[in-house]
$ cat start13.txt   # compact mmCIF, C-alpha atoms and all ligand atoms
# COMPACT_ATOMS: atom_id res chain seq x y z
CA MET F 1 12.77 21.52 -23.09
CA PRO F 2 11.97 17.80 -23.02
CA GLU F 3 8.37 16.88 -23.70
CA TYR F 4 7.92 15.00 -20.39
CA ASP F 5 9.35 15.16 -16.89
CA LEU F 6 9.26 11.38 -16.75
CA VAL F 7 8.51 8.48 -19.05
CA ILE F 8 7.68 5.13 -17.43
CA VAL F 9 8.50 2.24 -19.76
CA GLY F 10 6.30 -0.80 -19.03
CA GLY F 11 2.94 -0.95 -17.29
CA GLY F 12 3.55 -3.95 -15.02
CA ALA F 13 3.87 -3.91 -11.22
CA ALA F 14 6.62 -1.28 -11.14
CA GLY F 15 5.28 0.94 -13.93
CA LEU F 16 1.75 0.95 -12.54
CA SER F 17 2.96 1.53 -9.00
CA LEU F 18 5.05 4.50 -10.08
CA ALA F 19 2.26 5.95 -12.23
CA ASP F 20 -0.10 5.66 -9.27
CA ARG F 21 2.30 7.49 -6.98
CA MET F 22 2.73 10.23 -9.57
CA VAL F 23 -0.89 11.25 -9.01
CA ASP F 24 -0.13 11.79 -5.30
CA VAL F 25 3.08 13.66 -6.10
CA ASN F 26 1.26 16.00 -8.45
CA ALA F 27 -1.42 16.69 -5.86
CA ARG F 28 1.36 18.08 -3.63
CA ARG F 29 3.43 19.98 -6.17
CA ALA F 30 2.91 23.58 -7.27
CA ARG F 31 3.94 22.59 -10.81
CA PRO F 32 2.56 19.16 -11.67
CA LEU F 33 4.94 16.76 -13.37
CA ARG F 34 4.12 15.71 -16.88
CA GLY F 35 4.51 12.00 -17.47
CA ALA F 36 3.84 9.13 -19.85
CA LEU F 37 3.19 5.46 -19.13
CA VAL F 38 4.21 3.32 -22.08
CA GLU F 39 2.98 -0.23 -22.62
CA PRO F 40 3.03 -2.21 -25.89
CA PRO F 41 -0.21 -3.32 -27.51
CA PRO F 42 -1.42 -6.71 -26.23
CA GLY F 43 0.34 -9.52 -28.07
CA PRO F 44 1.93 -12.93 -27.69
CA THR F 45 4.79 -11.50 -25.60
CA SER F 46 2.56 -9.54 -23.20
CA PRO F 47 2.90 -10.69 -19.60
CA VAL F 48 -0.03 -12.88 -18.58
CA PRO F 49 -2.47 -11.47 -16.02
CA ARG F 50 -1.17 -12.56 -12.65
CA THR F 51 -1.82 -12.40 -8.94
CA TRP F 52 0.52 -10.53 -6.67
CA CYS F 53 0.73 -11.79 -3.09
CA PHE F 54 2.59 -9.87 -0.43
CA TRP F 55 2.35 -9.08 3.26
CA GLU F 56 2.09 -5.79 5.08
CA ALA F 57 0.09 -4.32 7.95
CA ASP F 58 -3.59 -3.59 7.57
CA GLY F 59 -4.48 -0.30 5.92
CA GLY F 60 -2.25 -0.56 2.83
CA ARG F 61 -2.56 1.33 -0.42
CA TRP F 62 -4.40 -1.46 -2.23
CA ASP F 63 -6.58 -2.80 0.60
CA ASP F 64 -9.91 -1.97 -1.05
CA LEU F 65 -8.83 -3.81 -4.19
CA LEU F 66 -7.69 -7.09 -2.63
CA THR F 67 -8.98 -10.38 -4.03
CA ALA F 68 -8.35 -12.03 -0.68
CA ARG F 69 -6.49 -11.58 2.61
CA TRP F 70 -5.43 -13.97 5.37
CA ASP F 71 -4.55 -13.24 8.98
CA ASP F 72 -2.89 -16.57 9.59
CA LEU F 73 -0.88 -18.94 7.50
CA ALA F 74 0.32 -22.51 7.66
CA VAL F 75 3.58 -24.11 6.60
CA ILE F 76 3.52 -27.91 6.30
CA GLY F 77 6.81 -29.73 6.80
CA PRO F 78 8.03 -32.61 4.60
CA GLU F 79 6.74 -35.15 7.13
CA GLY F 80 3.29 -33.55 7.27
CA THR F 81 3.52 -31.51 10.48
CA GLU F 82 1.48 -28.33 10.13
CA TYR F 83 2.77 -25.10 11.68
CA ARG F 84 -0.12 -22.65 11.63
CA SER F 85 -0.02 -19.29 13.33
CA SER F 86 -0.98 -15.65 13.11
CA ALA F 87 0.97 -13.57 10.60
CA ALA F 88 0.68 -10.52 12.92
CA PRO F 89 1.73 -7.77 12.59
CA TYR F 90 1.19 -8.60 8.94
CA VAL F 91 -1.71 -9.65 6.78
CA TYR F 92 -1.04 -11.82 3.74
CA LYS F 93 -2.75 -10.17 0.76
CA MET F 94 -3.57 -11.09 -2.82
CA LEU F 95 -4.12 -8.62 -5.66
CA ARG F 96 -4.93 -9.31 -9.28
CA SER F 97 -2.73 -7.46 -11.77
CA ALA F 98 -5.78 -6.67 -13.94
CA ASP F 99 -7.46 -4.88 -11.00
CA VAL F 100 -4.35 -2.81 -10.32
CA ASP F 101 -4.08 -1.94 -14.01
CA ARG F 102 -7.70 -0.78 -14.15
CA ARG F 103 -7.44 1.26 -10.94
CA VAL F 104 -4.22 3.04 -11.91
CA ARG F 105 -5.43 3.89 -15.39
CA GLU F 106 -8.76 5.22 -14.10
CA ARG F 107 -7.08 7.25 -11.37
CA ALA F 108 -4.42 8.75 -13.67
CA ASP F 109 -5.01 12.42 -14.30
CA ARG F 110 -4.49 14.63 -17.35
CA HIS F 111 -0.79 14.99 -16.51
CA LEU F 112 -0.13 11.34 -17.43
CA ASP F 113 -0.34 10.24 -21.06
CA GLN F 114 -1.05 6.54 -21.52
CA LEU F 115 0.80 5.53 -24.68
CA THR F 116 0.49 2.24 -26.54
CA LEU F 117 3.98 1.81 -27.95
CA ARG F 118 6.74 -0.78 -28.05
CA VAL F 119 9.93 0.89 -26.83
CA THR F 120 12.95 -0.10 -28.88
CA SER F 121 15.67 1.90 -27.11
CA VAL F 122 16.43 4.79 -24.83
CA VAL F 123 19.20 7.22 -25.75
CA GLU F 124 20.73 9.70 -23.31
CA GLU F 125 21.44 13.27 -24.40
CA PRO F 126 23.05 15.85 -22.08
CA GLU F 127 19.77 17.63 -21.29
CA TYR F 128 17.22 14.82 -21.65
CA ALA F 129 16.71 11.20 -22.65
CA THR F 130 15.02 10.12 -25.86
CA VAL F 131 12.70 7.12 -25.88
CA LEU F 132 12.53 5.51 -29.32
CA ALA F 133 9.43 3.43 -29.94
CA GLU F 134 7.15 1.88 -32.51
CA THR F 135 3.38 2.45 -32.79
CA PRO F 136 1.01 -0.53 -33.26
CA ALA F 137 1.00 0.40 -36.98
CA GLY F 138 4.81 0.10 -37.14
CA ARG F 139 5.61 3.83 -37.30
CA GLN F 140 8.76 5.01 -35.47
CA VAL F 141 8.19 7.72 -32.86
CA ARG F 142 10.33 9.43 -30.24
CA HIS F 143 9.57 11.08 -26.94
CA THR F 144 11.91 13.10 -24.78
CA ALA F 145 11.98 13.16 -20.99
CA ARG F 146 14.08 14.44 -18.10
CA TRP F 147 13.94 11.00 -16.48
CA VAL F 148 13.16 7.56 -17.86
CA PHE F 149 12.12 4.67 -15.58
CA ASP F 150 12.49 1.47 -17.54
CA SER F 151 10.89 -1.76 -16.26
CA ARG F 152 11.40 -3.89 -19.35
CA PRO F 153 12.98 -7.24 -18.48
CA SER F 154 16.75 -6.81 -18.44
CA ALA F 155 19.82 -8.91 -17.77
CA PRO F 156 21.85 -8.29 -14.63
CA THR F 157 25.17 -6.46 -15.05
CA THR F 158 27.18 -9.19 -13.28
CA ALA F 159 26.77 -12.93 -13.65
CA GLY F 160 26.45 -13.62 -9.94
CA ARG F 161 27.45 -16.89 -8.30
CA THR F 162 24.05 -18.55 -8.20
CA ARG F 163 21.28 -18.27 -10.73
CA LEU F 164 18.22 -20.17 -9.66
CA LEU F 165 14.67 -19.74 -10.81
CA GLN F 166 11.53 -19.75 -8.83
CA HIS F 167 9.32 -21.48 -11.35
CA PHE F 168 5.71 -22.40 -10.91
CA ARG F 169 2.29 -23.06 -12.29
CA GLY F 170 -0.97 -22.46 -10.48
CA TRP F 171 -4.58 -23.42 -11.02
CA PHE F 172 -7.54 -21.34 -10.00
CA VAL F 173 -9.90 -24.14 -9.05
CA ARG F 174 -13.59 -24.42 -8.29
CA ALA F 175 -15.01 -27.18 -6.10
CA ALA F 176 -18.25 -27.96 -4.28
CA ALA F 177 -19.45 -25.32 -1.81
CA GLY F 178 -17.79 -25.79 1.57
CA SER F 179 -14.64 -27.41 0.11
CA PHE F 180 -12.38 -24.63 1.42
CA ALA F 181 -12.20 -22.72 4.66
CA PRO F 182 -11.47 -19.18 3.41
CA ASP F 183 -9.28 -18.38 6.43
CA ARG F 184 -7.11 -21.54 6.16
CA ALA F 185 -4.35 -20.48 3.78
CA VAL F 186 -1.27 -22.63 3.27
CA LEU F 187 1.84 -20.64 2.37
CA MET F 188 4.18 -23.55 1.83
CA ASP F 189 3.48 -27.29 1.81
CA LEU F 190 6.78 -29.13 1.60
CA ARG F 191 5.37 -32.64 1.18
CA PRO F 192 5.76 -33.02 -2.64
CA PRO F 193 8.74 -35.14 -3.81
CA GLN F 194 11.88 -33.02 -3.56
CA PRO F 195 14.38 -32.35 -6.36
CA GLU F 196 18.02 -33.25 -5.67
CA HIS F 197 18.98 -29.56 -5.46
CA GLY F 198 16.59 -26.76 -4.52
CA VAL F 199 13.13 -27.23 -3.13
CA ALA F 200 9.59 -28.06 -4.29
CA PHE F 201 6.37 -27.11 -2.57
CA GLY F 202 2.68 -26.66 -3.16
CA TYR F 203 0.29 -24.20 -1.61
CA VAL F 204 -3.43 -23.54 -1.37
CA LEU F 205 -4.83 -20.04 -1.04
CA PRO F 206 -8.61 -20.26 -0.59
CA LEU F 207 -10.51 -17.38 -2.20
CA SER F 208 -13.96 -18.42 -0.96
CA ASP F 209 -15.56 -21.61 0.33
CA ASN F 210 -15.53 -23.10 -3.19
CA GLU F 211 -12.59 -21.44 -4.99
CA ALA F 212 -8.86 -21.44 -4.42
CA LEU F 213 -5.50 -20.84 -6.04
CA VAL F 214 -3.47 -24.06 -5.89
CA GLU F 215 0.12 -23.71 -6.97
CA TYR F 216 3.16 -25.96 -7.48
CA THR F 217 6.53 -24.21 -7.17
CA GLU F 218 10.18 -25.19 -7.41
CA PHE F 219 13.36 -23.27 -6.68
CA GLY F 220 15.86 -24.76 -9.10
CA ARG F 221 18.05 -24.24 -12.12
CA HIS F 222 15.54 -25.13 -14.82
CA ALA F 223 11.85 -24.55 -15.35
CA LEU F 224 9.58 -27.51 -16.10
CA THR F 225 7.48 -27.97 -19.20
CA THR F 226 3.77 -27.23 -18.94
CA PRO F 227 2.87 -30.97 -18.99
CA GLN F 228 5.37 -31.55 -16.14
CA TYR F 229 3.76 -28.78 -14.08
CA GLU F 230 0.31 -30.17 -14.87
CA ARG F 231 1.38 -33.57 -13.59
CA ALA F 232 2.92 -32.09 -10.44
CA LEU F 233 -0.21 -30.01 -9.81
CA GLY F 234 -2.47 -33.01 -10.36
CA ASP F 235 -0.38 -35.05 -7.91
CA TYR F 236 -0.45 -32.22 -5.39
CA CYS F 237 -4.22 -31.81 -5.68
CA ALA F 238 -4.62 -35.55 -5.10
CA MET F 239 -2.37 -35.29 -2.04
CA VAL F 240 -4.52 -32.55 -0.50
CA ASP F 241 -7.82 -34.27 -1.41
CA LEU F 242 -8.72 -31.90 -4.25
CA GLY F 243 -8.91 -34.61 -6.88
CA GLY F 244 -12.18 -33.62 -8.55
CA VAL F 245 -11.76 -29.85 -8.81
CA GLU F 246 -12.59 -27.86 -11.93
CA VAL F 247 -9.67 -25.76 -13.20
CA ILE F 248 -11.05 -22.37 -14.25
CA ALA F 249 -7.80 -20.52 -15.02
CA SER F 250 -4.06 -20.94 -14.64
CA GLU F 251 -0.93 -18.85 -14.17
CA GLN F 252 2.64 -19.84 -14.84
CA GLY F 253 5.92 -18.05 -14.54
CA THR F 254 9.53 -17.83 -13.54
CA ILE F 255 11.13 -15.31 -11.22
CA PRO F 256 14.93 -14.89 -10.96
CA MET F 257 16.54 -15.95 -7.66
CA THR F 258 20.11 -14.80 -7.96
CA ASP F 259 22.89 -12.83 -6.33
CA ALA F 260 23.61 -11.19 -9.69
CA HIS F 261 23.54 -7.40 -9.62
CA PHE F 262 20.62 -5.40 -11.05
CA PRO F 263 21.71 -1.77 -10.62
CA THR F 264 18.97 0.82 -10.85
CA ARG F 265 21.05 3.62 -12.31
CA ARG F 266 21.93 3.02 -15.95
CA GLY F 267 22.81 6.61 -16.91
CA HIS F 268 22.29 10.19 -15.76
CA ARG F 269 18.64 10.11 -16.71
CA LEU F 270 17.89 6.45 -17.22
CA PHE F 271 16.84 4.20 -14.34
CA ARG F 272 15.64 0.61 -14.01
CA VAL F 273 12.75 -0.27 -11.73
CA GLY F 274 10.96 -3.47 -10.74
CA THR F 275 12.58 -6.84 -11.29
CA ALA F 276 14.94 -5.16 -13.77
CA GLY F 277 15.96 -2.77 -10.97
CA GLY F 278 16.69 -5.36 -8.29
CA ALA F 279 13.25 -5.26 -6.61
CA THR F 280 12.96 -9.06 -6.43
CA ARG F 281 14.09 -10.47 -3.08
CA PRO F 282 16.56 -13.16 -4.17
CA SER F 283 15.70 -15.71 -1.47
CA THR F 284 11.93 -15.62 -1.99
CA GLY F 285 11.12 -14.25 -5.45
CA TYR F 286 8.64 -11.85 -3.82
CA THR F 287 8.84 -8.53 -5.63
CA PHE F 288 5.65 -6.60 -5.06
CA SER F 289 6.56 -4.99 -1.73
CA GLY F 290 10.09 -4.22 -2.95
CA VAL F 291 8.53 -2.45 -5.92
CA SER F 292 6.35 -0.50 -3.54
CA ARG F 293 9.30 0.71 -1.44
CA GLN F 294 11.26 1.53 -4.57
CA THR F 295 8.52 3.63 -6.19
CA ALA F 296 7.73 5.36 -2.88
CA ALA F 297 11.36 6.53 -2.72
CA VAL F 298 11.23 7.72 -6.34
CA ALA F 299 8.00 9.61 -5.59
CA ARG F 300 9.61 11.37 -2.59
CA ALA F 301 12.52 12.47 -4.76
CA LEU F 302 10.23 13.68 -7.55
CA GLU F 303 8.11 15.62 -5.10
CA HIS F 304 11.16 17.51 -3.82
CA ASP F 305 12.91 17.93 -7.20
CA ARG F 306 15.80 15.64 -6.24
CA VAL F 307 17.46 13.30 -8.73
CA PRO F 308 15.03 10.35 -8.51
CA VAL F 309 17.47 7.43 -8.41
CA PRO F 310 15.44 4.34 -7.42
CA PRO F 311 17.02 2.50 -4.48
CA VAL F 312 17.54 -1.26 -4.57
CA PRO F 313 14.88 -1.96 -1.94
CA HIS F 314 16.83 -4.59 0.04
CA ARG F 315 19.53 -4.09 2.66
CA PRO F 316 23.06 -5.20 1.72
CA ARG F 317 23.22 -7.65 4.65
CA HIS F 318 19.97 -9.28 3.53
CA LEU F 319 21.31 -9.62 0.01
CA ALA F 320 24.49 -11.19 1.42
CA MET F 321 22.44 -13.66 3.52
CA ASP F 322 20.32 -14.49 0.48
CA ALA F 323 23.43 -15.12 -1.61
CA ILE F 324 24.68 -17.61 0.99
CA MET F 325 21.32 -19.34 1.26
CA LEU F 326 20.91 -19.63 -2.52
CA ALA F 327 24.43 -21.00 -2.95
CA ALA F 328 23.92 -23.56 -0.16
CA LEU F 329 20.64 -24.63 -1.77
CA ASP F 330 22.10 -24.82 -5.25
CA LEU F 331 25.16 -26.78 -4.12
CA GLY F 332 22.92 -29.24 -2.29
CA ARG F 333 24.52 -28.40 1.09
CA VAL F 334 21.14 -27.83 2.68
CA ARG F 335 17.98 -29.81 2.02
CA GLY F 336 15.57 -27.10 0.94
CA ALA F 337 12.49 -28.68 2.48
CA ASP F 338 14.17 -29.14 5.89
CA PHE F 339 15.63 -25.66 5.73
CA PHE F 340 12.28 -23.94 5.20
CA ALA F 341 10.40 -26.22 7.60
CA GLY F 342 13.03 -25.42 10.28
CA LEU F 343 12.84 -21.70 9.61
CA PHE F 344 9.07 -21.62 10.10
CA SER F 345 8.84 -24.17 12.93
CA ASP F 346 11.58 -22.64 15.09
CA ASN F 347 10.60 -18.99 14.73
CA ARG F 348 7.53 -16.83 15.11
CA LEU F 349 5.81 -16.46 11.72
CA GLY F 350 5.67 -12.65 12.03
CA ASP F 351 9.45 -12.61 12.62
CA VAL F 352 10.15 -14.79 9.58
CA LEU F 353 7.90 -12.61 7.41
CA ALA F 354 9.64 -9.48 8.73
CA PHE F 355 12.99 -11.00 7.82
CA LEU F 356 11.87 -12.13 4.37
CA ASP F 357 10.60 -8.62 3.66
CA GLY F 358 13.72 -6.89 4.94
CA GLN F 359 12.03 -5.38 8.02
CA SER F 360 13.84 -7.39 10.70
CA ARG F 361 16.60 -6.22 13.03
CA LEU F 362 20.03 -7.78 13.38
CA PRO F 363 19.62 -9.37 16.86
CA ARG F 364 16.46 -11.20 15.73
CA GLU F 365 18.25 -12.31 12.55
CA VAL F 366 21.13 -13.71 14.59
CA ALA F 367 18.64 -15.65 16.73
CA MET F 368 16.95 -16.92 13.59
CA GLY F 369 20.31 -17.94 12.14
CA LEU F 370 20.64 -20.46 14.99
CA SER F 371 17.71 -22.43 13.56
CA MET F 372 19.58 -22.90 10.28
CA PRO F 373 22.04 -25.67 9.38
CA ILE F 374 25.02 -23.83 10.81
CA ALA F 375 27.93 -25.88 9.43
CA ALA F 376 26.69 -25.85 5.82
CA MET F 377 25.76 -22.18 5.94
CA SER F 378 29.05 -21.16 7.60
CA ARG F 379 31.11 -22.99 5.00
CA THR F 380 29.14 -21.31 2.21
CA ALA F 381 29.43 -17.94 3.98
CA VAL F 382 33.22 -18.22 4.18
CA GLU F 383 33.38 -19.12 0.47
CA HIS F 384 31.08 -16.22 -0.32
CA ALA F 385 33.24 -13.75 1.61
CA TRP F 386 36.41 -15.12 -0.02
CA ARG F 387 34.88 -14.87 -3.47
CA ASN F 388 33.82 -11.27 -2.84
CA LEU F 389 37.27 -10.37 -1.60
CA THR F 390 39.09 -11.91 -4.53
CA THR F 391 36.62 -10.49 -7.07
CA ARG F 392 37.01 -7.02 -5.58
CA HIS F 393 40.79 -7.19 -5.87
CA GLN F 394 40.72 -8.37 -9.44
CA ARG F 395 41.16 -5.66 -12.03
CA PRO F 396 39.56 -6.02 -15.45
CA GLY F 397 41.88 -8.14 -17.55
CA ASP F 398 43.34 -10.00 -14.53
C1 LIG J 1 2.86 -15.42 -12.85
C2 LIG J 1 3.64 -14.59 -11.87
C3 LIG J 1 3.16 -14.45 -10.56
C4 LIG J 1 3.87 -13.68 -9.64
N1 LIG J 1 3.39 -13.58 -8.37
C5 LIG J 1 4.03 -12.81 -7.49
C6 LIG J 1 3.53 -12.66 -6.17
O1 LIG J 1 2.53 -13.27 -5.80
N2 LIG J 1 4.16 -11.80 -5.32
C7 LIG J 1 5.29 -11.11 -5.70
O2 LIG J 1 5.81 -10.33 -4.89
N3 LIG J 1 5.81 -11.29 -6.92
C8 LIG J 1 5.22 -12.10 -7.82
N4 LIG J 1 5.75 -12.24 -9.07
C9 LIG J 1 7.02 -11.58 -9.35
C10 LIG J 1 6.86 -10.09 -9.71
O3 LIG J 1 6.12 -9.41 -8.72
C11 LIG J 1 6.16 -9.88 -11.01
O4 LIG J 1 6.89 -10.50 -12.03
C12 LIG J 1 5.97 -8.40 -11.32
O5 LIG J 1 5.04 -8.33 -12.35
C13 LIG J 1 7.28 -7.71 -11.69
O6 LIG J 1 7.02 -6.35 -11.96
P1 LIG J 1 7.83 -5.55 -13.05
O7 LIG J 1 7.15 -4.24 -13.22
O8 LIG J 1 9.26 -5.59 -12.72
O9 LIG J 1 7.68 -6.43 -14.40
P2 LIG J 1 6.37 -6.69 -15.20
O10 LIG J 1 5.20 -6.67 -14.32
O11 LIG J 1 6.62 -7.92 -16.02
O12 LIG J 1 6.27 -5.43 -16.16
C14 LIG J 1 7.14 -5.19 -17.24
C15 LIG J 1 6.31 -4.45 -18.28
O13 LIG J 1 7.16 -4.04 -19.33
C16 LIG J 1 6.40 -4.13 -20.52
N5 LIG J 1 7.29 -4.17 -21.66
C17 LIG J 1 8.04 -5.23 -22.09
N6 LIG J 1 8.68 -4.88 -23.22
C18 LIG J 1 8.34 -3.59 -23.49
C19 LIG J 1 8.69 -2.69 -24.54
N7 LIG J 1 9.53 -3.04 -25.51
N8 LIG J 1 8.15 -1.43 -24.51
C20 LIG J 1 7.32 -1.06 -23.50
N9 LIG J 1 6.97 -1.88 -22.49
C21 LIG J 1 7.47 -3.14 -22.50
C22 LIG J 1 5.60 -5.42 -20.36
O14 LIG J 1 4.50 -5.47 -21.25
C23 LIG J 1 5.22 -5.33 -18.89
O15 LIG J 1 3.96 -4.74 -18.70
C24 LIG J 1 5.08 -13.02 -10.01
C25 LIG J 1 5.57 -13.21 -11.30
C26 LIG J 1 4.86 -13.98 -12.21
C27 LIG J 1 5.45 -14.17 -13.58
$ encode --input "start13.txt" --output "structure tokens"
Amino acid sequence: MPEYDLVIVGGGAAGLSLADRMVDVNARRARPLRGALVEPPPGPTSPVPRTWCFWEADGGRWDDLLTARWDDLAVIGPEGTEYRSSAAPYVYKMLRSADVDRRVRERADRHLDQLTLRVTSVVEEPEYATVLAETPAGRQVRHTARWVFDSRPSAPTTAGRTRLLQHFRGWFVRAAAGSFAPDRAVLMDLRPPQPEHGVAFGYVLPLSDNEALVEYTEFGRHALTTPQYERALGDYCAMVDLGGVEVIASEQGTIPMTDAHFPTRRGHRLFRVGTAGGATRPSTGYTFSGVSRQTAAVARALEHDRVPVPPVPHRPRHLAMDAIMLAALDLGRVRGADFFAGLFSDNRLGDVLAFLDGQSRLPREVAMGLSMPIAAMSRTAVEHAWRNLTTRHQRPGD
């Protein structure tokens, strides 16, 4: 008998989300599942505390833990035109990773062991999987489980055609009281100077009347250095009249934007979840709601004793559209700033958000497609289809 029903490797967005759902699953099962959540001791390679923004309807799982929420959002085009509207039926929400971590660990019951270990590998045996790990003191240990959900960063299994990064740095700033209107969030401000390929934008998410998260983001092939981000952020703050703000904290990161394949099933008992399991939406970098759908599906399977293969939480047609959009952006066939400004100016914000979160229906997507640069996108779509066809007909060794 393996020691655990499931071991969750990594206590980030996906690991915490799955651990949290396990409590609900166990409340409904006659025989509770025994699990372990494994996270290495804090160290130089630990992920930095971060904010997770996402949109969903009111009444979500984390609503009482939100740092902030906004009912409407603005997108500012490259020429300075502001498109502000209600995000209905959605609310744009911000969570701090540290708050989620605290909540999940407090809520976890006696059926979940919280282990401080660095996992070195996972080995599949016929009846169980073995997780090999190292304690903070350097001792080798092993744990066995029926199922292992691994969220450690991992490379995709195919190269993909386009590999862009969403790379960014943000400042949590403090200013004089009354400097921010807490309900005036800006999702995307496309006025910063644009790179030749890809797109650059800033945004301001007010947290109160004197605090905000101000971020500078690029979609492109290479991340910037910290001094380059600092300069870009300084310039952006000056542009939006936030010259004299005090920076109280910062966050920086990169998120993959690629059509490369991140399969969730890596063996009979070994699964990938989170970014490593394809939860990141390629065209936006948003991951949190994909993680949520993925772990909800795993929880349903665990509750009913089915094989808990995590789904890739995006529809194939959305992944195909994203692949075309990323390629067109990377090849410089569309100007990123015009593309995004057009998307938001020509369509209802709620519809765009539904599309970007995979909730839209085909007729609405077709209508939205008409607001895109049709010639450039069609050419890229034909190339994409041709590439898929020829790749599919190639045997290994061809
Ligand atoms: C700064 C930043 C801000 C972001 N903001 C947003 C946002 O606003 N909205 C959004 O949707 N997405 C956002 N993302 C993207 C995405 O949601 C996050 O990266 C999210 O944390 C991904 O979840 P994950 O569980 O896949 O990976 P992670 O959260 O990175 O979790 C992986 C975990 O694995 C652990 N681990 C690593 N190695 C080992 C090992 N050997 N043994 C055991 N455990 C190990 C790590 O310590 C970590 O806790 C952001 C990303 C970054 C970097």
$ closest_residue --input "start13.txt" --among "F:Gln194, F:Asn347, F:Ser250, F:Asn26" --to "Glu215 of chain F" --atoms "only C-alpha atoms"
F:Ser250
$ residues_around --input "start13.txt" --residues "Thr157 of chain F" --least-positions-apart "6" --cutoff "9 Å" --atoms "all atoms listed in the file" --output "JSON, numbers by chain"
{"F": [260, 261, 262, 263]}
$ closest_residue --input "start13.txt" --among "F:Glu303, F:Glu125, F:Glu106, F:Asp58" --to "Leu270 of chain F" --atoms "all atoms listed in the file"
F:Glu125
$ closest_residue --input "start13.txt" --among "F:Leu349, F:Ala323, F:Ala354, F:Leu362" --to "Leu187 of chain F" --atoms "only C-alpha atoms"
F:Leu349
$ closest_residue --input "start13.txt" --among "F:Ala137, F:Ala88, F:Ala328, F:Val204" --to "Arg161 of chain F" --atoms "only C-alpha atoms"
F:Ala328
$ residues_around --input "start13.txt" --residues "Ala367 of chain F" --least-positions-apart "2" --cutoff "12 Å" --atoms "all atoms listed in the file" --output "list in words"
Leu343, Asp346, Asn347, Arg348, Asp351, Val352, Phe355, Ser360, Arg361, Leu362, Pro363, Arg364, Glu365, Gly369, Leu370, Ser371, Met372 and Ile374 of chain F
$ closest_residue --input "start13.txt" --among "F:Arg146, F:Arg61, F:Arg317, F:Arg69" --to "Val104 of chain F" --atoms "only C-alpha atoms"
F:Arg61
$ atom_distance --input "start13.txt" --atom1 "atom CA of Glu124 of chain F" --atom2 "atom CA of Pro310 of chain F"
17.6 Å
$ residues_near_point --input "start13.txt" --point "(-9.8, -1.2, -11.5)" --cutoff "12 Å" --atoms "only C-alpha atoms" --output "VMD selection string"
chain F and resid 16 62 64 to 67 95 to 108
